[in-house]
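Source file: work.cif. Holds: mmCIF, C-alpha atoms.
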```
data_coords
loop_
_atom_site.label_atom_id
_atom_site.label_comp_id
_atom_site.auth_asym_id
_atom_site.auth_seq_id
_atom_site.Cartn_x
_atom_site.Cartn_y
_atom_site.Cartn_z
CA MET P 1 -48.64 -78.28 64.97
CA SER P 2 -52.11 -79.71 64.46
CA SER P 3 -51.65 -82.53 61.99
CA LEU P 4 -54.50 -84.37 60.36
CA LEU P 5 -53.85 -87.24 62.78
CA GLU P 6 -54.19 -84.92 65.77
CA GLN P 7 -57.36 -83.46 64.28
CA LEU P 8 -58.76 -86.96 63.86
CA ILE P 9 -57.98 -87.88 67.48
CA GLU P 10 -59.62 -84.64 68.63
CA ALA P 11 -62.68 -85.17 66.41
CA LEU P 12 -63.20 -88.73 67.70
CA ARG P 13 -63.64 -87.37 71.22
CA VAL P 14 -67.09 -86.16 70.23
CA LEU P 15 -68.20 -89.78 70.71
CA PRO P 16 -69.68 -90.52 74.15
CA GLY P 17 -67.29 -92.24 76.55
CA VAL P 18 -64.26 -91.65 74.32
CA GLY P 19 -61.37 -89.84 76.00
CA ALA P 20 -57.94 -88.88 74.72
CA LYS P 21 -56.46 -92.36 75.04
CA SER P 22 -59.35 -94.24 73.40
CA ALA P 23 -59.53 -91.66 70.61
CA GLN P 24 -55.84 -92.21 69.94
CA ARG P 25 -56.29 -95.97 69.90
CA MET P 26 -59.24 -95.65 67.54
CA ALA P 27 -57.34 -93.40 65.15
CA TYR P 28 -54.34 -95.74 64.99
CA HIS P 29 -56.58 -98.77 64.62
CA LEU P 30 -58.40 -97.22 61.66
CA LEU P 31 -55.17 -96.10 60.01
CA GLU P 32 -53.40 -99.39 60.54
CA ARG P 33 -56.12 -101.88 59.87
CA GLU P 34 -59.43 -100.39 58.82
CA ARG P 35 -58.95 -97.78 56.12
CA ALA P 36 -61.93 -99.04 54.12
CA GLY P 37 -64.12 -99.26 57.21
CA GLY P 38 -63.04 -95.78 58.27
CA GLN P 39 -63.82 -94.41 54.84
CA ARG P 40 -67.23 -96.05 54.93
CA LEU P 41 -67.89 -94.67 58.42
CA ALA P 42 -67.02 -91.17 57.20
CA GLU P 43 -69.50 -91.43 54.33
CA VAL P 44 -72.37 -92.90 56.34
CA LEU P 45 -71.76 -90.45 59.17
CA ALA P 46 -71.85 -87.42 56.86
CA ALA P 47 -75.05 -88.67 55.25
CA ALA P 48 -76.66 -89.49 58.59
CA MET P 49 -75.83 -86.13 60.20
CA GLU P 50 -77.29 -84.34 57.20
CA ARG P 51 -80.28 -86.43 56.25
CA ILE P 52 -81.66 -87.98 59.45
CA GLY P 53 -84.41 -85.78 60.81
CA HIS P 54 -87.52 -86.55 62.81
CA CYS P 55 -90.64 -88.40 61.76
CA GLU P 56 -93.38 -85.78 61.57
CA ARG P 57 -95.85 -88.17 63.15
CA CYS P 58 -93.96 -89.82 66.05
CA ARG P 59 -90.84 -87.61 66.35
CA ASP P 60 -88.53 -90.62 66.22
CA PHE P 61 -85.41 -90.31 64.05
CA SER P 62 -86.21 -90.86 60.40
CA GLU P 63 -84.64 -90.05 57.05
CA SER P 64 -88.06 -89.70 55.43
CA PRO P 65 -90.93 -87.42 56.55
CA LEU P 66 -92.77 -90.48 57.91
CA CYS P 67 -90.75 -93.24 59.67
CA ALA P 68 -91.09 -96.88 58.64
CA THR P 69 -93.17 -97.76 61.71
CA CYS P 70 -95.65 -94.92 61.27
CA ALA P 71 -95.90 -95.67 57.55
CA SER P 72 -96.51 -99.37 58.09
CA PRO P 73 -100.13 -100.48 57.48
CA SER P 74 -99.62 -103.57 59.67
CA ARG P 75 -99.25 -101.71 62.95
CA ASP P 76 -102.23 -101.36 65.28
CA ALA P 77 -103.18 -97.68 65.32
CA HIS P 78 -105.44 -98.17 68.37
CA LEU P 79 -102.35 -98.50 70.59
CA LEU P 80 -99.95 -95.63 71.10
CA CYS P 81 -96.83 -95.98 73.25
CA VAL P 82 -95.09 -92.84 74.54
CA VAL P 83 -91.34 -93.10 75.26
CA GLU P 84 -88.71 -90.55 76.19
CA THR P 85 -86.01 -91.39 73.65
CA PRO P 86 -85.45 -93.27 70.38
CA ALA P 87 -83.29 -95.71 72.35
CA ASP P 88 -86.26 -96.53 74.61
CA ARG P 89 -88.41 -97.09 71.53
CA LEU P 90 -85.80 -99.44 70.07
CA ALA P 91 -85.52 -101.38 73.34
CA ILE P 92 -89.29 -101.95 73.44
CA GLU P 93 -89.41 -102.84 69.76
CA GLN P 94 -86.62 -105.40 70.16
CA ALA P 95 -87.79 -106.94 73.45
CA THR P 96 -91.56 -107.05 73.17
CA GLY P 97 -94.06 -108.15 70.59
CA TYR P 98 -95.70 -104.72 70.64
CA ARG P 99 -97.43 -104.03 67.35
CA GLY P 100 -98.89 -100.60 68.03
CA LEU P 101 -97.44 -97.18 67.20
CA TYR P 102 -95.06 -94.91 69.13
CA PHE P 103 -94.66 -91.31 70.11
CA VAL P 104 -91.14 -90.21 71.04
CA LEU P 105 -90.95 -87.23 73.39
CA GLN P 106 -87.21 -86.67 72.80
CA GLY P 107 -86.98 -85.68 76.45
CA ARG P 108 -89.14 -85.41 79.55
CA LEU P 109 -90.94 -82.57 81.31
CA SER P 110 -88.34 -80.55 83.15
CA PRO P 111 -89.54 -77.01 83.88
CA LEU P 112 -86.20 -76.01 85.43
CA ASP P 113 -84.47 -76.73 82.13
CA GLY P 114 -87.18 -74.96 80.20
CA ILE P 115 -88.61 -78.19 78.80
CA GLY P 116 -92.38 -77.95 78.84
CA PRO P 117 -95.21 -79.64 76.91
CA ARG P 118 -94.42 -77.60 73.80
CA GLU P 119 -90.80 -78.78 73.61
CA LEU P 120 -91.97 -82.39 73.81
CA GLY P 121 -94.47 -81.93 70.99
CA LEU P 122 -97.42 -82.63 73.27
CA ASP P 123 -99.65 -80.35 71.17
CA ARG P 124 -99.14 -82.82 68.33
CA LEU P 125 -99.82 -85.73 70.67
CA ALA P 126 -103.02 -84.06 71.90
CA ALA P 127 -104.21 -83.56 68.33
CA ARG P 128 -103.58 -87.23 67.69
CA LEU P 129 -105.48 -88.31 70.78
CA ALA P 130 -108.33 -86.03 69.72
CA GLY P 131 -108.37 -87.79 66.34
CA GLY P 132 -110.31 -90.67 67.91
CA GLU P 133 -108.29 -93.56 66.53
CA VAL P 134 -106.14 -94.16 69.63
CA GLN P 135 -107.85 -96.23 72.33
CA GLU P 136 -105.01 -96.87 74.75
CA LEU P 137 -102.01 -94.68 75.56
CA ILE P 138 -99.15 -96.77 76.98
CA VAL P 139 -97.02 -94.36 79.00
CA ALA P 140 -93.51 -95.87 78.97
CA THR P 141 -91.50 -92.98 80.38
CA ASN P 142 -88.63 -93.86 82.70
CA PRO P 143 -89.37 -94.46 86.40
CA THR P 144 -87.42 -91.37 87.47
CA VAL P 145 -88.86 -88.32 89.21
CA GLU P 146 -89.13 -86.37 85.95
CA GLY P 147 -90.32 -89.41 84.04
CA GLU P 148 -93.09 -90.00 86.60
CA ALA P 149 -94.17 -86.36 86.45
CA THR P 150 -94.30 -86.63 82.69
CA ALA P 151 -96.32 -89.84 82.98
CA HIS P 152 -98.88 -88.11 85.21
CA TYR P 153 -99.23 -85.28 82.74
CA LEU P 154 -99.66 -87.69 79.84
CA ALA P 155 -102.27 -89.76 81.71
CA GLN P 156 -104.32 -86.62 82.31
CA LEU P 157 -103.98 -85.63 78.68
CA ALA P 158 -105.20 -89.07 77.63
CA ARG P 159 -108.23 -88.98 79.94
CA GLN P 160 -109.17 -85.54 78.63
CA HIS P 161 -109.52 -87.10 75.19
CA GLY P 162 -111.31 -90.21 76.39
CA VAL P 163 -108.24 -92.40 75.88
CA ARG P 164 -107.31 -95.10 78.45
CA PRO P 165 -103.80 -94.50 79.85
CA SER P 166 -101.70 -97.48 80.98
CA ARG P 167 -98.18 -98.01 82.31
CA PRO P 168 -95.80 -100.99 82.02
CA ALA P 169 -95.63 -102.94 85.29
CA HIS P 170 -92.94 -102.12 87.83
CA GLY P 171 -91.53 -104.77 90.11
CA VAL P 172 -88.74 -107.21 90.76
CA PRO P 173 -86.84 -107.84 87.49
CA LEU P 174 -86.96 -111.42 86.19
CA GLY P 175 -83.87 -113.28 87.36
CA GLY P 176 -83.24 -110.58 89.96
CA GLU P 177 -82.59 -111.54 93.57
CA LEU P 178 -84.74 -109.84 96.19
CA GLU P 179 -81.67 -109.11 98.28
CA TYR P 180 -80.25 -106.87 95.57
CA VAL P 181 -83.41 -105.11 94.43
CA ASP P 182 -83.60 -101.47 95.55
CA ARG P 183 -86.06 -100.56 98.32
CA GLY P 184 -88.39 -98.48 96.18
CA THR P 185 -88.84 -101.27 93.65
CA LEU P 186 -89.31 -103.90 96.34
CA SER P 187 -91.84 -101.77 98.19
CA HIS P 188 -93.75 -101.16 94.97
CA ALA P 189 -93.61 -104.86 94.10
CA PHE P 190 -95.11 -105.75 97.48
CA GLY P 191 -97.85 -103.16 97.13
CA SER P 192 -98.76 -104.45 93.68
CA ARG P 193 -98.61 -108.15 94.51
CA SER P 194 -101.04 -110.39 92.66
CA GLU P 195 -102.74 -113.59 93.74
CA MET P 196 -101.13 -116.82 92.62
CA VAL P 197 -103.41 -119.11 90.69
CA MET V 198 -84.85 -102.64 56.15
CA SER V 199 -81.46 -101.06 56.43
CA SER V 200 -82.10 -97.44 57.27
CA LEU V 201 -79.37 -94.81 57.37
CA LEU V 202 -79.50 -95.03 61.17
CA GLU V 203 -78.90 -98.78 61.07
CA GLN V 204 -76.08 -98.28 58.58
CA LEU V 205 -74.52 -95.72 60.91
CA ILE V 206 -74.72 -98.08 63.89
CA GLU V 207 -73.17 -100.85 61.80
CA ALA V 208 -70.41 -98.56 60.46
CA LEU V 209 -69.48 -97.38 63.98
CA ARG V 210 -68.65 -100.96 64.93
CA VAL V 211 -65.46 -100.66 62.89
CA LEU V 212 -64.07 -98.77 65.89
CA PRO V 213 -62.07 -100.93 68.32
CA GLY V 214 -63.96 -101.93 71.45
CA VAL V 215 -67.30 -100.76 70.09
CA GLY V 216 -70.04 -103.39 70.04
CA ALA V 217 -73.68 -103.20 68.98
CA LYS V 218 -74.86 -101.45 72.15
CA SER V 219 -72.12 -98.79 72.25
CA ALA V 220 -72.49 -98.14 68.53
CA GLN V 221 -76.19 -97.54 69.08
CA ARG V 222 -75.49 -95.19 71.97
CA MET V 223 -72.93 -93.30 69.89
CA ALA V 224 -75.30 -92.92 66.95
CA TYR V 225 -78.12 -91.60 69.14
CA HIS V 226 -75.75 -89.30 70.99
CA LEU V 227 -74.48 -87.76 67.75
CA LEU V 228 -77.99 -87.37 66.31
CA GLU V 229 -79.44 -85.92 69.50
CA ARG V 230 -76.68 -83.67 70.69
CA GLU V 231 -73.64 -83.51 68.42
CA ARG V 232 -74.67 -83.00 64.82
CA ALA V 233 -71.92 -80.46 64.20
CA GLY V 234 -69.29 -82.61 65.91
CA GLY V 235 -70.46 -85.62 63.93
CA GLN V 236 -70.27 -83.68 60.69
CA ARG V 237 -66.77 -82.54 61.58
CA LEU V 238 -65.72 -86.09 62.47
CA ALA V 239 -67.00 -87.31 59.09
CA GLU V 240 -64.92 -84.71 57.24
CA VAL V 241 -61.69 -85.21 59.19
CA LEU V 242 -62.08 -88.98 59.04
CA ALA V 243 -62.53 -88.99 55.27
CA ALA V 244 -59.49 -86.73 54.83
CA ALA V 245 -57.37 -88.78 57.25
CA MET V 246 -58.21 -92.13 55.67
CA GLU V 247 -57.32 -90.76 52.26
CA ARG V 248 -54.35 -88.55 52.93
CA ILE V 249 -52.42 -90.02 55.86
CA GLY V 250 -49.68 -92.29 54.56
CA HIS V 251 -46.29 -93.22 55.93
CA CYS V 252 -43.21 -91.06 56.33
CA GLU V 253 -40.73 -92.33 53.76
CA ARG V 254 -37.93 -92.00 56.26
CA CYS V 255 -39.26 -93.39 59.55
CA ARG V 256 -42.46 -95.16 58.42
CA ASP V 257 -44.54 -93.35 61.03
CA PHE V 258 -47.93 -92.03 59.94
CA SER V 259 -47.59 -88.76 58.08
CA GLU V 260 -49.65 -86.71 55.68
CA SER V 261 -46.51 -85.40 53.94
CA PRO V 262 -43.69 -87.50 52.42
CA LEU V 263 -41.47 -86.62 55.39
CA CYS V 264 -43.03 -86.46 58.88
CA ALA V 265 -42.57 -83.41 61.11
CA THR V 266 -40.04 -85.16 63.35
CA CYS V 267 -37.85 -86.39 60.50
CA ALA V 268 -38.03 -82.99 58.82
CA SER V 269 -37.08 -81.12 62.00
CA PRO V 270 -33.51 -79.74 62.01
CA SER V 271 -33.49 -79.62 65.83
CA ARG V 272 -33.57 -83.38 66.36
CA ASP V 273 -30.34 -85.26 67.09
CA ALA V 274 -29.65 -87.47 64.05
CA HIS V 275 -26.99 -89.46 65.96
CA LEU V 276 -29.73 -91.19 67.96
CA LEU V 277 -32.24 -93.50 66.34
CA CYS V 278 -35.01 -95.18 68.33
CA VAL V 279 -36.79 -98.20 66.86
CA VAL V 280 -40.37 -98.85 68.00
CA GLU V 281 -43.03 -101.29 66.92
CA THR V 282 -45.98 -98.94 66.45
CA PRO V 283 -46.83 -95.25 66.05
CA ALA V 284 -48.54 -95.44 69.47
CA ASP V 285 -45.23 -96.55 71.04
CA ARG V 286 -43.47 -93.64 69.35
CA LEU V 287 -46.06 -91.22 70.68
CA ALA V 288 -45.77 -92.64 74.21
CA ILE V 289 -41.99 -92.14 74.20
CA GLU V 290 -42.31 -88.68 72.70
CA GLN V 291 -44.82 -87.61 75.34
CA ALA V 292 -43.11 -89.20 78.35
CA THR V 293 -39.41 -88.67 77.77
CA GLY V 294 -37.21 -85.81 76.74
CA TYR V 295 -35.82 -87.86 73.84
CA ARG V 296 -34.61 -85.56 71.08
CA GLY V 297 -33.33 -88.11 68.57
CA LEU V 298 -35.12 -89.62 65.58
CA TYR V 299 -37.38 -92.66 65.27
CA PHE V 300 -37.91 -95.65 63.06
CA VAL V 301 -41.35 -97.27 63.24
CA LEU V 302 -41.44 -100.96 62.31
CA GLN V 303 -45.25 -101.06 62.03
CA GLY V 304 -45.05 -104.55 63.46
CA ARG V 305 -42.55 -107.07 64.81
CA LEU V 306 -40.73 -110.05 63.37
CA SER V 307 -43.21 -112.91 63.23
CA PRO V 308 -42.18 -115.56 60.69
CA LEU V 309 -45.35 -117.60 61.27
CA ASP V 310 -47.45 -114.64 60.14
CA GLY V 311 -45.14 -114.02 57.18
CA ILE V 312 -43.69 -110.87 58.73
CA GLY V 313 -39.97 -110.81 58.06
CA PRO V 314 -37.30 -108.10 57.83
CA ARG V 315 -38.66 -106.93 54.48
CA GLU V 316 -42.17 -106.28 55.80
CA LEU V 317 -40.73 -104.17 58.61
CA GLY V 318 -38.67 -102.08 56.21
CA LEU V 319 -35.39 -103.28 57.72
CA ASP V 320 -33.63 -102.87 54.35
CA ARG V 321 -34.33 -99.17 54.67
CA LEU V 322 -33.16 -99.19 58.29
CA ALA V 323 -29.93 -100.99 57.26
CA ALA V 324 -29.26 -98.39 54.56
CA ARG V 325 -29.72 -95.69 57.16
CA LEU V 326 -27.34 -97.37 59.63
CA ALA V 327 -24.81 -97.74 56.78
CA GLY V 328 -25.10 -94.01 56.15
CA GLY V 329 -22.80 -93.38 59.09
CA GLU V 330 -24.76 -90.64 60.84
CA VAL V 331 -26.43 -92.85 63.45
CA GLN V 332 -24.23 -93.63 66.47
CA GLU V 333 -26.68 -95.32 68.81
CA LEU V 334 -29.70 -97.47 67.97
CA ILE V 335 -32.18 -97.51 70.86
CA VAL V 336 -34.19 -100.70 70.47
CA ALA V 337 -37.54 -99.97 72.13
CA THR V 338 -39.55 -102.97 70.96
CA ASN V 339 -42.01 -104.44 73.44
CA PRO V 340 -40.76 -106.95 76.03
CA THR V 341 -42.78 -109.79 74.49
CA VAL V 342 -41.34 -112.94 72.92
CA GLU V 343 -41.63 -111.54 69.41
CA GLY V 344 -40.49 -108.09 70.49
CA GLU V 345 -37.38 -109.60 72.11
CA ALA V 346 -36.59 -111.63 68.99
CA THR V 347 -36.93 -108.48 66.93
CA ALA V 348 -34.68 -106.62 69.37
CA HIS V 349 -31.96 -109.29 68.98
CA TYR V 350 -32.14 -109.05 65.23
CA LEU V 351 -31.94 -105.25 65.34
CA ALA V 352 -28.98 -105.31 67.74
CA GLN V 353 -27.08 -107.58 65.33
CA LEU V 354 -27.96 -105.33 62.42
CA ALA V 355 -26.66 -102.33 64.34
CA ARG V 356 -23.37 -104.02 65.25
CA GLN V 357 -22.86 -105.04 61.62
CA HIS V 358 -22.85 -101.35 60.75
CA GLY V 359 -20.71 -100.29 63.67
CA VAL V 360 -23.66 -98.74 65.51
CA ARG V 361 -24.02 -99.20 69.30
CA PRO V 362 -27.36 -100.87 70.16
CA SER V 363 -29.08 -100.07 73.48
CA ARG V 364 -32.33 -101.04 75.18
CA PRO V 365 -34.53 -99.13 77.67
CA ALA V 366 -34.12 -100.52 81.21
CA HIS V 367 -36.51 -103.19 82.45
CA GLY V 368 -37.44 -103.47 86.09
CA VAL V 369 -39.99 -102.64 88.74
CA PRO V 370 -42.24 -99.79 87.54
CA LEU V 371 -42.04 -96.58 89.56
CA GLY V 372 -44.82 -96.53 92.12
CA GLY V 373 -45.33 -100.26 91.64
CA GLU V 374 -45.49 -102.53 94.66
CA LEU V 375 -43.13 -105.51 94.63
CA GLU V 376 -45.98 -107.75 95.73
CA TYR V 377 -47.86 -107.10 92.50
CA VAL V 378 -44.97 -107.10 90.03
CA ASP V 379 -44.90 -110.23 87.82
CA ARG V 380 -42.18 -112.82 88.47
CA GLY V 381 -40.27 -112.29 85.23
CA THR V 382 -39.93 -108.57 85.83
CA LEU V 383 -38.98 -109.04 89.48
CA SER V 384 -36.39 -111.67 88.61
CA HIS V 385 -34.93 -109.40 85.93
CA ALA V 386 -34.91 -106.44 88.32
CA PHE V 387 -32.96 -108.49 90.90
CA GLY V 388 -30.46 -109.66 88.31
CA SER V 389 -29.89 -106.10 87.10
CA ARG V 390 -29.71 -104.50 90.56
CA SER V 391 -27.37 -101.53 90.88
CA GLU V 392 -25.34 -100.32 93.83
CA MET V 393 -26.88 -97.53 95.88
CA VAL V 394 -24.71 -94.46 96.17
#
```
What would the structure in this file look like if it were written as structure tokens?
Amino acid sequence: MSSLLEQLIEALRVLPGVGAKSAQRMAYHLLERERAGGQRLAEVLAAAMERIGHCERCRDFSESPLCATCASPSRDAHLLCVVETPADRLAIEQATGYRGLYFVLQGRLSPLDGIGPRELGLDRLAARLAGGEVQELIVATNPTVEGEATAHYLAQLARQHGVRPSRPAHGVPLGGELEYVDRGTLSHAFGSRSEMV
Amino acid sequence: MSSLLEQLIEALRVLPGVGAKSAQRMAYHLLERERAGGQRLAEVLAAAMERIGHCERCRDFSESPLCATCASPSRDAHLLCVVETPADRLAIEQATGYRGLYFVLQGRLSPLDGIGPRELGLDRLAARLAGGEVQELIVATNPTVEGEATAHYLAQLARQHGVRPSRPAHGVPLGGELEYVDRGTLSHAFGSRSEMV
């Protein structure tokens, strides 16, 4: 038998980090205490899966052709920040006072997985850099091997179009203790030390 | 602004144990990699919230008036097991070879919260015990203060109708180490020790 309840438990496992036991707990919780919330989730989820696409300018998720950030006249179009994922974009937006625009790669260069410049929409990025409006390209890819390779590629692309590439600083995290910082970060932090004034 | 994406993240927080950060991760995961699974979840969820009610016989969740277990002719109607929640019922069903029927309280006696015999459907349970078919009432409420109070009440109810009440054994869990078993359980296990044969 595959009852509706069993189907619900199975369907919930599509969520990241949700196994059989959590899915079961979620299903019972919704049925016992959150029917209205569950109903609302079903509606919003259906709408989101169908209507959320990508902004044609920055490739971030958007329900309209142009996302709110790209459409905003108050953002500084001279600054363009490249990130790997929408989550990275959101983290920067929430943590910093950055007022420029974004470009979301939706991935990183990974030739072995068949992800090249085309898959990341770099032709569109190049066209934008050629447009002349962007003055600085902030390359905020992740400090992983693939992220660094992608950063190198992007820096070259920027220079080709006369745009200044930059990279957020790496180093010891604020509040971090030196003892627990990984070697690579510590080594980099020492190499990039700055004079105290 | 409350975009569809923000609405989705907010709606996901109805799930137990899902905070702002997990909800965000779930939303991005579905949008990036699981559109079909998300669509399917939306459909099943909507159907489940609308159509899953309670079995009119055992009060477990069921999409038909009578649940599959109650409707099954192969279950032993002389045995009736009372549990607090559908999750408890499922745990017993999956772990034991129990072939009798169930009655799901959907709660426990808790006068301070206004949950009395009526709210737990005990009038229906009494009518069933009076029916004469049930010979043993297995009281599998949780070993908490309220669960124990409920168990006492149920045992009395059973005796009133000439039905033998029983309770699953308490004691040291299999594979548990005595050192880590709580005092109450250990004390109970010592009091209920049985002769080795």
Which residue, P:Glu93, P:Glu136, P:Glu32, P:Glu63, has the smallest gap to Leu79 of chain P when you use only C-alpha atoms?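 Distance minimum relative to Leu79 of chain P lands on P:Glu136.
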Please report the interatomic distance between atom CA of Leu322 of chain V and atom CA of Gln7 of chain P in Å with one decimal. 29.5 Å
Suppose a student applies the PyMOL selection byres ((chain V) within 9 of (chain P)) to this structure; what residues should they get, written as JSON, numbers by chain? {"V": [198, 200, 201, 202, 204, 205, 207, 208, 209, 211, 212, 213, 214, 219, 221, 222, 223, 224, 225, 226, 227, 228, 229, 231, 232, 233, 234, 235, 236, 237, 238, 239, 240, 241, 242, 243, 244, 245, 246, 247, 248, 249, 250, 258, 259, 260, 265, 283, 284, 303]}
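What the PyMOL selection byres ((chain V and resi 340) around 12) matches in the given file is Val280, Glu281, Arg305, Val336, Ala337, Thr338, Asn339, Thr341, Val342, Glu343, Gly344, Glu345, Ala346, Thr347, Ala348, His349, Arg364, Pro365, Ala366, His367, Gly368, Gly381, Thr382 and His385 of chain V.
Between atom CA of Ala77 of chain P and atom CA of Gly132 of chain P lies a distance of 10.3 Å.
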Coords for segment 139-171 of chain P, C-alpha atoms, as a short mmCIF file (atom, residue, chain, number, x, y, z; two decimals), in the first residue's frame:
```
data_model
loop_
_atom_site.label_atom_id
_atom_site.label_comp_id
_atom_site.auth_asym_id
_atom_site.auth_seq_id
_atom_site.Cartn_x
_atom_site.Cartn_y
_atom_site.Cartn_z
CA VAL P 139 35.43 38.48 -7.74
CA ALA P 140 33.75 36.83 -4.72
CA THR P 141 34.02 33.18 -5.69
CA ASN P 142 34.70 30.71 -2.89
CA PRO P 143 38.31 30.13 -1.78
CA THR P 144 38.31 26.53 -3.04
CA VAL P 145 40.49 25.14 -5.81
CA GLU P 146 37.74 25.49 -8.40
CA GLY P 147 36.64 28.84 -7.03
CA GLU P 148 40.22 30.16 -7.27
CA ALA P 149 40.57 28.90 -10.85
CA THR P 150 37.31 30.63 -11.70
CA ALA P 151 38.56 33.82 -10.02
CA HIS P 152 41.72 33.78 -12.15
CA TYR P 153 39.69 33.38 -15.30
CA LEU P 154 37.37 36.22 -14.31
CA ALA P 155 40.26 38.54 -13.45
CA GLN P 156 41.74 37.97 -16.91
CA LEU P 157 38.38 38.58 -18.51
CA ALA P 158 38.05 41.85 -16.60
CA ARG P 159 41.52 43.07 -17.59
CA GLN P 160 40.78 42.28 -21.24
CA HIS P 161 37.95 44.78 -21.06
CA GLY P 162 39.88 47.38 -19.10
CA VAL P 163 37.98 46.64 -15.89
CA ARG P 164 39.83 46.50 -12.52
CA PRO P 165 39.39 43.09 -10.84
CA SER P 166 39.41 42.85 -7.03
CA ARG P 167 38.93 40.11 -4.45
CA PRO P 168 37.56 40.22 -0.88
CA ALA P 169 40.38 39.94 1.67
CA HIS P 170 41.33 36.54 3.04
CA GLY P 171 42.70 36.16 6.54
#
```
